[in-house]
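Colleague: Take a look at this one; I'll ask things after.
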Amino acid sequence: MTVQSHILGYPRIGDKRQTKFALEKYWKGKATKDETLAALQAVFDTNIQNQIDADLSIITTGDFAHYDLVLTQAVSFGVVPKRFAGSESLDTFDRQFYFARGRDCTNQFEDTPAWQMTKWFDTNYHYLVPELTADQEFKNTDFTQVFKQVDDAKAIIAKNGVEKALKVVLVGPLTFLYLSSLKAASQNGSCCGCGTTHNEDAAGDDATKIALLDKLLPVYADLLAQLGERGVEWVQIDEPILSLDLSSEWQQAFERAYNGLQRTPPKLIVASYFDTLGNNCNVACNLPVSGIHIDITRAKSPKQYVTQVIDHLPTHKVLSIGVVDGRSVWTTDQVQASEILGGAYERLGERLWVGSGSSLLHLPVDLSHENVPSELNGKLAFAKQKLAEVTLCAKLATGDAKADKNATKIDLTPLADSAKTRTGVFKDRYAKQQERFNLPLFPTTTIGSFPQTPEIRKARADWNKGVINDETYENAMKAEIQKACDEQEKLGIDVFVHGEAERTDMVEYFAKYMKGFWLASNGWVQSYGTRCVRPPIVVGDISRPNAMTVDWTVYAQGLTDKPMKGMLTGPVTILNWSFAPSDTATRDILRLQIADAINEEVRDLQDAGIGIIQIDEPAFREGLPLKQADQAHYWDEAVATFKHSCSIANEDTQIHTHMCYSSFHDCLEHISAMDADVITIETSRSGLQLLDAFKGEGYHNAIGPGVYDIHSPRTPSAENMQVVIDEAAKYIPVERLWVNPDCGLKTRNWEETISALDNMVKMTKVVRDLYTK
């Protein structure tokens, strides 16, 4: 008997980010749609060919979204928020970009606020949040994209002359509804122009969402039927919410949903990932489907977990075991995999499948492009290499291959001292800071970065290649810093930033100057849309040999009399956005080591005369364990390490932090416990719902609610921005309110940046007059 091998998904950016460059060229009007689709097709074809070359027995398709898979399905289901009325005339290719970016690249419609974007569970991937109403109607609008992927994959398989089963990936109906946001049915854009209400996901929303199943299931059934007609044998229905602590209402909804889909032609395998099934185990195992997939790579006791699931699984169902970690760049522990899979094979026989724990979307594409240090040879595997690991693990299960590699372990040295806390309480500190800086009511600032122009990127590339020397590069960056300061001066910004021209990425930059990290030169991973990052890889104890930001910041401060913020990335975010071991004890050590390094940087900035320092923590909530029982420890450690990172700060040194694109409703007490003097948060794209988390909860420090969405190219009016401040002023004293964009401005061009900031400053002058009368 053989064991089937497959993956849950594959990166869609291309091994050289071909998808990114093709789409951005199209959006700028520098390529036709046919040219763009041809470039995307080449990446898709390679993805299928890579699976065939790795000899996977089941080829996965349908996951190749042009922007985001949740968005793709929402568009195909006919979800069109009212502010996008008329966009049905666009094909699904252009409509998805209009929803995601707020700008129609065909120039038929005016700019409008884009859909909300938030993190996909505990990853750094962002999905687009479907906007539904209680009376939402769904329809089979256009599934051409998935059908084409099926036909193209079948053609590539036939061209190779091999026999392979085909599996299509869909986001499941329950996960689709659970992760959607619920809007007022009569709403045609909110008061702030974002198209959302300000009290989303209240207690009654679950019942409303579940009630939409009756309308959504026929669309799924129709899609599945059409896939069956095309000869698709298997459909992978992704239901990662099964890894959460679901209520009984959602559990019962699973039973109802899949009872309604069990008569569809393709065989269904329901996939959960990122954690164990927990209290959903019995529900998942007994769904009327042909099989389920589990991810054992995050299980504390994977062998015990597999045994538990097999004990619950009916004897006719397939069990797919995700043993190859879709979120780790380290090679698979073959010894452990052989033991677990061998035991499962004895009980399941040919009903056992072997796969990746989750989609390989979260990994760089191909390690063969890297110059790997000798000490790491044989220890790393990117997405393409993980394909071969899946095939090998299927052979380990049957004994057709022998394990020859244990897990790679990182030896760490815990710090001698525990986390420290800075002195003083906020009220006293803020008074001293105001005396030092004498800032006006509603101080204006930005989040840190300014546009990363083609000139900046070229200078950096030439420097890395040795085309220009250190002095020439440094002068080029100083010229960009001068420009950033000049523009802020002309705009009338109150607290400056130097613009971060010298930085590639907010985590990568710091990892480059710390010991204990290795950076892959082409290790790009999709964060959202065409935005890609290069997560550093933790290889040992982390420390900071020298100052990382002081010289640039001090140079910038010398260009202006306004306060210049020192810009740092926090320990929680650096760890969460790096490839690091997943076990809790190791991460606790690493987090504190990074915090210690950042605290040293705070000390040196402070000694150099920098009085305002921002320690960004956009990933503060991202690493939160999915199971509630594991969350208290994470919060304690996250708060303690942030506080340690600024524990050296004097009382008149103002500490800022920034958070974005996560839900903060369940963690306000922990944000408060961080005790940053000023927190800046994303609010505009989420329709002020993040501000709701602060309403009536007694947040006593200063806060800067983002007044406009920087991820969209549109320029909002000053009036739209003022809505954010007016709303915030209802329950936060104006003396503690700051004005700023949602996030950094590196992805925007200078024209967009200046236009939006000019509106922001004009709005601030209005509210200053309004609230000082």
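Identifiers in this document derive from the order of the structure tokens: chains are assigned A, B, ..., residues are numbered from 1 separately in each chain, and ligands are numbered from 1 in order of occurrence.
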For A:Val219, find every residue with an atom within 12 Å (counting only C-alpha atoms), except residues of its own chain fewer than 5 positions away, and show them as JSON, numbers by chain.

Modeller: {"A": [73, 74, 76, 77, 78, 137, 138, 139, 140, 141, 142, 143, 172, 173, 212, 213, 214, 224, 225, 226, 260, 261, 264]}

Colleague: Could you pull the residues within 9 Å of stretch 549-556 of chain A, counting only C-alpha atoms, minus those fewer than 2 positions along the same chain, as JSON, numbers by chain?

Modeller: {"A": [478, 481, 482, 485, 496, 497, 498, 500, 502, 510, 547, 558, 559, 560, 564, 565, 566, 567, 568, 601, 604, 605, 608, 609, 610]}

Colleague: Fewer than 3 positions away in the same chain doesn't count, so skip those; otherwise give me all residues within 8 Å of stretch 287-290 of chain A, counting only C-alpha atoms, as a JSON list (two decimals) with N, CA, C and O atoms, in the first residue's frame.

Modeller:
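Saved the output as out-v4.json:
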```
[["chain", "number", "residue", "atom", "x", "y", "z"],
["A", 254, "PHE", "N", -20.92, 23.75, 11.83],
["A", 254, "PHE", "CA", -20.08, 22.88, 11.02],
["A", 254, "PHE", "C", -20.87, 21.64, 10.58],
["A", 254, "PHE", "O", -20.83, 21.24, 9.41],
["A", 255, "GLU", "N", -21.55, 21.07, 11.52],
["A", 255, "GLU", "CA", -22.33, 19.87, 11.20],
["A", 255, "GLU", "C", -23.40, 20.19, 10.16],
["A", 255, "GLU", "O", -23.60, 19.44, 9.18],
["A", 258, "TYR", "N", -21.74, 20.95, 6.49],
["A", 258, "TYR", "CA", -21.21, 19.83, 5.72],
["A", 258, "TYR", "C", -22.24, 18.75, 5.45],
["A", 258, "TYR", "O", -22.09, 17.96, 4.51],
["A", 259, "ASN", "N", -23.30, 18.73, 6.25],
["A", 259, "ASN", "CA", -24.43, 17.89, 5.87],
["A", 259, "ASN", "C", -25.04, 18.40, 4.57],
["A", 259, "ASN", "O", -25.51, 17.62, 3.73],
["A", 262, "GLN", "N", -22.48, 17.32, 1.52],
["A", 262, "GLN", "CA", -21.95, 15.97, 1.39],
["A", 262, "GLN", "C", -22.34, 15.28, 0.09],
["A", 262, "GLN", "O", -21.73, 14.28, -0.30],
["A", 267, "LYS", "N", -14.63, 14.54, -3.77],
["A", 267, "LYS", "CA", -14.41, 14.14, -2.39],
["A", 267, "LYS", "C", -13.85, 15.35, -1.63],
["A", 267, "LYS", "O", -13.01, 16.08, -2.13],
["A", 268, "LEU", "N", -14.33, 15.53, -0.42],
["A", 268, "LEU", "CA", -13.93, 16.69, 0.37],
["A", 268, "LEU", "C", -12.99, 16.27, 1.49],
["A", 268, "LEU", "O", -13.24, 15.28, 2.19],
["A", 269, "ILE", "N", -11.92, 17.04, 1.65],
["A", 269, "ILE", "CA", -11.05, 16.87, 2.81],
["A", 269, "ILE", "C", -10.98, 18.21, 3.52],
["A", 269, "ILE", "O", -10.62, 19.23, 2.94],
["A", 270, "VAL", "N", -11.43, 18.25, 4.77],
["A", 270, "VAL", "CA", -11.48, 19.48, 5.55],
["A", 270, "VAL", "C", -10.15, 19.65, 6.27],
["A", 270, "VAL", "O", -9.70, 18.76, 7.00],
["A", 283, "VAL", "N", -16.04, 16.97, 16.54],
["A", 283, "VAL", "CA", -16.81, 17.61, 15.46],
["A", 283, "VAL", "C", -16.14, 17.39, 14.13],
["A", 283, "VAL", "O", -16.77, 16.97, 13.15],
["A", 284, "ALA", "N", -14.84, 17.68, 14.05],
["A", 284, "ALA", "CA", -14.11, 17.57, 12.78],
["A", 284, "ALA", "C", -14.06, 16.14, 12.28],
["A", 284, "ALA", "O", -14.27, 15.87, 11.09],
["A", 316, "HIS", "N", -13.69, 4.74, 7.70],
["A", 316, "HIS", "CA", -13.69, 4.88, 6.25],
["A", 316, "HIS", "C", -13.04, 6.18, 5.78],
["A", 316, "HIS", "O", -12.96, 6.42, 4.57],
["A", 317, "LYS", "N", -12.58, 7.01, 6.72],
["A", 317, "LYS", "CA", -12.10, 8.33, 6.33],
["A", 317, "LYS", "C", -10.58, 8.40, 6.22],
["A", 317, "LYS", "O", -9.84, 7.72, 6.93],
["A", 318, "VAL", "N", -10.15, 9.31, 5.34],
["A", 318, "VAL", "CA", -8.74, 9.62, 5.17],
["A", 318, "VAL", "C", -8.30, 10.56, 6.29],
["A", 318, "VAL", "O", -9.05, 11.44, 6.70]]
```

Colleague: With only C-alpha atoms as the counted atoms, please give the residues lying no more than 8 Å from A:Leu575, apart from itself and same-chain residues fewer than 3 positions off, as number ranges by chain.

Modeller: A: 571-572, 578-580, 587, 590-591, 594

Colleague: Using only C-alpha atoms, which of A:Arg603, A:Lys402, A:Lys409, A:Arg230 sits nearest A:Ile648?

Modeller: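 Result for the nearest residue to A:Ile648: A:Arg603.
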
Colleague: When you look at A:Leu313 with a cut-off of 7 Å (counting only C-alpha atoms), what residues show up, excluding the ones that are within fewer than 4 positions of it in the same chain? I need them as a list in words.

Modeller: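 The residues that qualify are Cys285, Asn286, Val309 and Lys317 of chain A.
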
Colleague: Run DSSP on the backbone and grab whatever in stretch 577-685 of chain A lands in strand (DSSP E); send it over as a list in words.

Modeller: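 Output for stretch 577-685 of chain A, strand (DSSP E) only: Ile612, Ile613, Gln614, Ile615, Asp616, Gln654, Ile655, His656, Thr657, His658, Met659, Val678, Ile679, Thr680 and Ile681 of chain A.
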
Colleague: Let's have the selection written as a compact mmCIF listing (two decimals), in the first residue's frame, with all heavy atoms.

Modeller:
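Writing the result to result.txt gives the following:
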```
# COMPACT_ATOMS: atom_id res chain seq x y z
N ILE A 612 12.55 61.55 22.12
CA ILE A 612 11.34 60.80 21.78
C ILE A 612 11.76 59.56 21.00
O ILE A 612 12.45 59.67 19.98
CB ILE A 612 10.36 61.64 20.95
CG1 ILE A 612 9.94 62.90 21.73
CG2 ILE A 612 9.12 60.83 20.58
CD1 ILE A 612 8.98 63.81 20.99
N ILE A 613 11.38 58.41 21.48
CA ILE A 613 11.81 57.15 20.88
C ILE A 613 10.60 56.25 20.69
O ILE A 613 9.85 55.99 21.64
CB ILE A 613 12.86 56.43 21.75
CG1 ILE A 613 14.09 57.34 21.97
CG2 ILE A 613 13.27 55.10 21.12
CD1 ILE A 613 15.09 56.80 22.98
N GLN A 614 10.39 55.80 19.46
CA GLN A 614 9.26 54.92 19.16
C GLN A 614 9.75 53.49 19.02
O GLN A 614 10.67 53.21 18.25
CB GLN A 614 8.59 55.37 17.86
CG GLN A 614 7.38 54.53 17.46
CD GLN A 614 6.61 55.17 16.32
OE1 GLN A 614 6.26 56.35 16.38
NE2 GLN A 614 6.36 54.41 15.27
N ILE A 615 9.12 52.59 19.74
CA ILE A 615 9.46 51.16 19.68
C ILE A 615 8.24 50.45 19.11
O ILE A 615 7.26 50.20 19.81
CB ILE A 615 9.82 50.61 21.08
CG1 ILE A 615 10.96 51.44 21.70
CG2 ILE A 615 10.23 49.14 20.98
CD1 ILE A 615 11.31 51.04 23.12
N ASP A 616 8.28 50.16 17.83
CA ASP A 616 7.11 49.64 17.12
C ASP A 616 6.81 48.20 17.53
O ASP A 616 7.71 47.35 17.57
CB ASP A 616 7.35 49.66 15.61
CG ASP A 616 7.25 51.07 15.05
OD1 ASP A 616 6.59 51.91 15.69
OD2 ASP A 616 7.82 51.33 13.98
N GLN A 654 10.27 60.39 26.05
CA GLN A 654 8.92 59.93 25.70
C GLN A 654 9.00 58.67 24.84
O GLN A 654 9.59 58.68 23.76
CB GLN A 654 8.17 61.03 24.94
CG GLN A 654 6.69 60.75 24.77
CD GLN A 654 5.96 61.98 24.25
OE1 GLN A 654 5.96 62.24 23.06
NE2 GLN A 654 5.35 62.73 25.17
N ILE A 655 8.38 57.59 25.31
CA ILE A 655 8.38 56.31 24.60
C ILE A 655 7.05 56.13 23.86
O ILE A 655 5.98 56.17 24.46
CB ILE A 655 8.60 55.13 25.56
CG1 ILE A 655 9.97 55.25 26.24
CG2 ILE A 655 8.50 53.80 24.82
CD1 ILE A 655 11.16 55.18 25.30
N HIS A 656 7.15 55.98 22.56
CA HIS A 656 5.99 55.69 21.71
C HIS A 656 6.02 54.22 21.30
O HIS A 656 7.08 53.59 21.28
CB HIS A 656 6.02 56.53 20.43
CG HIS A 656 5.80 57.98 20.63
ND1 HIS A 656 5.02 58.75 19.78
CD2 HIS A 656 6.26 58.86 21.58
CE1 HIS A 656 5.01 60.00 20.18
NE2 HIS A 656 5.77 60.10 21.27
N THR A 657 4.87 53.69 20.95
CA THR A 657 4.81 52.41 20.27
C THR A 657 3.71 52.48 19.21
O THR A 657 2.85 53.37 19.26
CB THR A 657 4.55 51.24 21.23
OG1 THR A 657 4.76 49.99 20.53
CG2 THR A 657 3.13 51.24 21.77
N HIS A 658 3.78 51.59 18.24
CA HIS A 658 2.81 51.59 17.15
C HIS A 658 2.29 50.19 16.94
O HIS A 658 3.04 49.21 16.98
CB HIS A 658 3.46 52.09 15.86
CG HIS A 658 2.59 51.92 14.65
ND1 HIS A 658 1.40 52.62 14.49
CD2 HIS A 658 2.69 51.10 13.57
CE1 HIS A 658 0.84 52.26 13.35
NE2 HIS A 658 1.59 51.33 12.78
N MET A 659 0.97 50.09 16.68
CA MET A 659 0.33 48.81 16.41
C MET A 659 -0.64 48.97 15.24
O MET A 659 -1.26 50.04 15.10
CB MET A 659 -0.43 48.31 17.63
CG MET A 659 0.44 48.05 18.82
SD MET A 659 -0.52 47.50 20.24
CE MET A 659 0.81 47.24 21.41
N VAL A 678 2.94 57.04 24.52
CA VAL A 678 2.05 57.30 23.41
C VAL A 678 1.93 56.04 22.56
O VAL A 678 2.95 55.43 22.22
CB VAL A 678 2.56 58.45 22.50
CG1 VAL A 678 1.58 58.73 21.36
CG2 VAL A 678 2.81 59.71 23.32
N ILE A 679 0.70 55.64 22.25
CA ILE A 679 0.49 54.53 21.34
C ILE A 679 -0.20 55.06 20.09
O ILE A 679 -1.15 55.83 20.17
CB ILE A 679 -0.36 53.40 21.98
CG1 ILE A 679 -0.61 52.28 20.96
CG2 ILE A 679 -1.67 53.93 22.54
CD1 ILE A 679 -1.37 51.09 21.52
N THR A 680 0.31 54.68 18.92
CA THR A 680 -0.36 55.00 17.66
C THR A 680 -0.92 53.72 17.09
O THR A 680 -0.25 52.69 17.07
CB THR A 680 0.61 55.66 16.67
OG1 THR A 680 1.76 54.84 16.50
CG2 THR A 680 1.05 57.02 17.17
N ILE A 681 -2.19 53.78 16.65
CA ILE A 681 -2.86 52.56 16.19
C ILE A 681 -3.55 52.80 14.86
O ILE A 681 -3.91 53.92 14.51
CB ILE A 681 -3.90 52.06 17.22
CG1 ILE A 681 -4.98 53.13 17.47
CG2 ILE A 681 -3.24 51.63 18.51
CD1 ILE A 681 -6.16 52.63 18.27
```

Colleague: Which residues are close to A:Thr398, i.e. within 9 Å by only C-alpha atoms, leaving aside same-chain residues fewer than 5 positions away? Reply as a list in words.

Modeller: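 Non-adjacent residues within range: Met1, Thr2, Val3, Ser338, Leu341, Gly342, Tyr345, Glu346, Gly349 and Cys393 of chain A.
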
Colleague: How would the residues just chosen look if you wrote them out with C-alpha atoms as a tab-separated table (two decimals), in the first residue's frame?

Modeller:
```tsv
chain	number	residue	atom	x	y	z
A	1	MET	CA	0.00	0.00	0.00
A	2	THR	CA	1.13	3.55	-0.73
A	3	VAL	CA	0.68	6.75	1.20
A	338	SER	CA	9.16	8.32	10.90
A	341	LEU	CA	3.84	8.35	10.61
A	342	GLY	CA	4.89	4.73	10.95
A	345	TYR	CA	0.31	3.86	8.89
A	346	GLU	CA	-0.07	0.71	10.97
A	349	GLY	CA	-2.94	1.92	5.91
A	393	CYS	CA	7.97	11.58	4.77
```

Colleague: Could you pull out the residues in stretch 481-624 of chain A that DSSP calls helix (DSSP H, G or I) from the backbone, as a PyMOL selection string?

Modeller: chain A and resi 481-491+508-512+550-557+571-576+584-607

Colleague: So, counting only C-alpha atoms, which residue among A:Ala337, A:Gly570, A:Lys386, A:Asp417 is closest to A:Asp404?

Modeller: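 Comparing A:Ala337, A:Gly570, A:Lys386, A:Asp417 against A:Asp404, the winner is A:Ala337.
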
Colleague: So how many Å separate atom CA of A:Val169 and atom CA of A:Asp63, to one decimal?

Modeller: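 One can read the atom CA of A:Val169 to atom CA of A:Asp63 distance as 5.6 Å.
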
Colleague: Counting only C-alpha atoms, figure out which residue out of A:Glu487, A:Asp245, A:Asp34, A:Asp325 gets nearest to A:Asp630.

Modeller: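 Of all the options, A:Asp245 lies closest to A:Asp630.
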
Colleague: Do you have, as a tab-separated table, the list of residues of stretch 126-151 of chain A lying at most 8 Å from stretch 118-121 of chain A, each with its nearest atom pair and that distance in Å to one decimal, counting only C-alpha atoms and ordered by chain then number?

Modeller:
```
residue	atom	partner	partner_atom	distance
A:His126	CA	A:Lys119	CA	4.3
A:Tyr127	CA	A:Thr118	CA	5.8
A:Leu128	CA	A:Thr118	CA	6.7
A:Val129	CA	A:Thr118	CA	7.1
```

Colleague: Could you write out that same residue set with N, CA, C and O atoms as a PDB file, in the first residue's frame?

Modeller:
```pdb
ATOM      1  N   HIS A 126      -1.541  38.916   5.714  1.00  0.00           N
ATOM      2  CA  HIS A 126      -2.759  39.693   5.887  1.00  0.00           C
ATOM      3  C   HIS A 126      -3.799  39.251   4.864  1.00  0.00           C
ATOM      4  O   HIS A 126      -3.489  39.151   3.680  1.00  0.00           O
ATOM      5  N   TYR A 127      -5.006  39.027   5.320  1.00  0.00           N
ATOM      6  CA  TYR A 127      -6.090  38.735   4.383  1.00  0.00           C
ATOM      7  C   TYR A 127      -7.034  39.927   4.320  1.00  0.00           C
ATOM      8  O   TYR A 127      -7.074  40.776   5.214  1.00  0.00           O
ATOM      9  N   LEU A 128      -7.791  40.016   3.236  1.00  0.00           N
ATOM     10  CA  LEU A 128      -8.784  41.077   3.072  1.00  0.00           C
ATOM     11  C   LEU A 128     -10.097  40.603   3.679  1.00  0.00           C
ATOM     12  O   LEU A 128     -10.577  39.513   3.365  1.00  0.00           O
ATOM     13  N   VAL A 129     -10.681  41.418   4.553  1.00  0.00           N
ATOM     14  CA  VAL A 129     -11.854  41.022   5.325  1.00  0.00           C
ATOM     15  C   VAL A 129     -13.130  41.281   4.514  1.00  0.00           C
ATOM     16  O   VAL A 129     -13.459  42.435   4.235  1.00  0.00           O
TER      17      VAL A 129
END
```

Colleague: Just want the 6 Å neighbourhood of stretch 176-182 of chain A, counted on only C-alpha atoms, with same-chain residues fewer than 6 positions away dropped. Output as a PyMOL selection string.

Modeller: chain A and resi 129-133+209

Colleague: Hey, can you spit out that residue selection with N, CA and C atoms as an mmCIF file, in the first residue's frame?

Modeller:
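Result went into again-v3.cif, see below:
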```cif
data_model
loop_
_atom_site.group_PDB
_atom_site.id
_atom_site.type_symbol
_atom_site.label_atom_id
_atom_site.label_comp_id
_atom_site.auth_asym_id
_atom_site.auth_seq_id
_atom_site.Cartn_x
_atom_site.Cartn_y
_atom_site.Cartn_z
ATOM 1 N N VAL A 129 -10.681 41.418 4.553
ATOM 2 C CA VAL A 129 -11.854 41.022 5.325
ATOM 3 C C VAL A 129 -13.130 41.281 4.514
ATOM 4 N N PRO A 130 -13.865 40.235 4.146
ATOM 5 C CA PRO A 130 -15.116 40.447 3.406
ATOM 6 C C PRO A 130 -16.107 41.259 4.238
ATOM 7 N N GLU A 131 -16.795 42.183 3.586
ATOM 8 C CA GLU A 131 -17.783 43.022 4.254
ATOM 9 C C GLU A 131 -19.179 42.518 3.905
ATOM 10 N N LEU A 132 -19.843 41.928 4.888
ATOM 11 C CA LEU A 132 -21.160 41.334 4.681
ATOM 12 C C LEU A 132 -22.220 42.124 5.436
ATOM 13 N N THR A 133 -23.456 41.960 5.026
ATOM 14 C CA THR A 133 -24.592 42.538 5.738
ATOM 15 C C THR A 133 -25.508 41.408 6.198
ATOM 16 N N LYS A 209 -24.043 35.852 11.386
ATOM 17 C CA LYS A 209 -23.142 35.229 10.411
ATOM 18 C C LYS A 209 -23.548 33.785 10.133
#
```

Colleague: Find, counting only C-alpha atoms, the residue in A:Glu637, A:Glu35, A:Glu375, A:Asp55 that gets nearest to A:Thr391.

Modeller: A:Asp55

Colleague: Find the distance between atom CA of A:Leu519 and atom CA of A:Gly326 and write it in Å to one decimal.

Modeller: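 Going from atom CA of A:Leu519 over to atom CA of A:Gly326 covers 18.8 Å.
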
Colleague: When you draw a straight line from atom CA of A:Thr36 to atom CA of A:Gln526, how long is it in Å?

Modeller: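 Distance reported for this atom pair: 18.4 Å.
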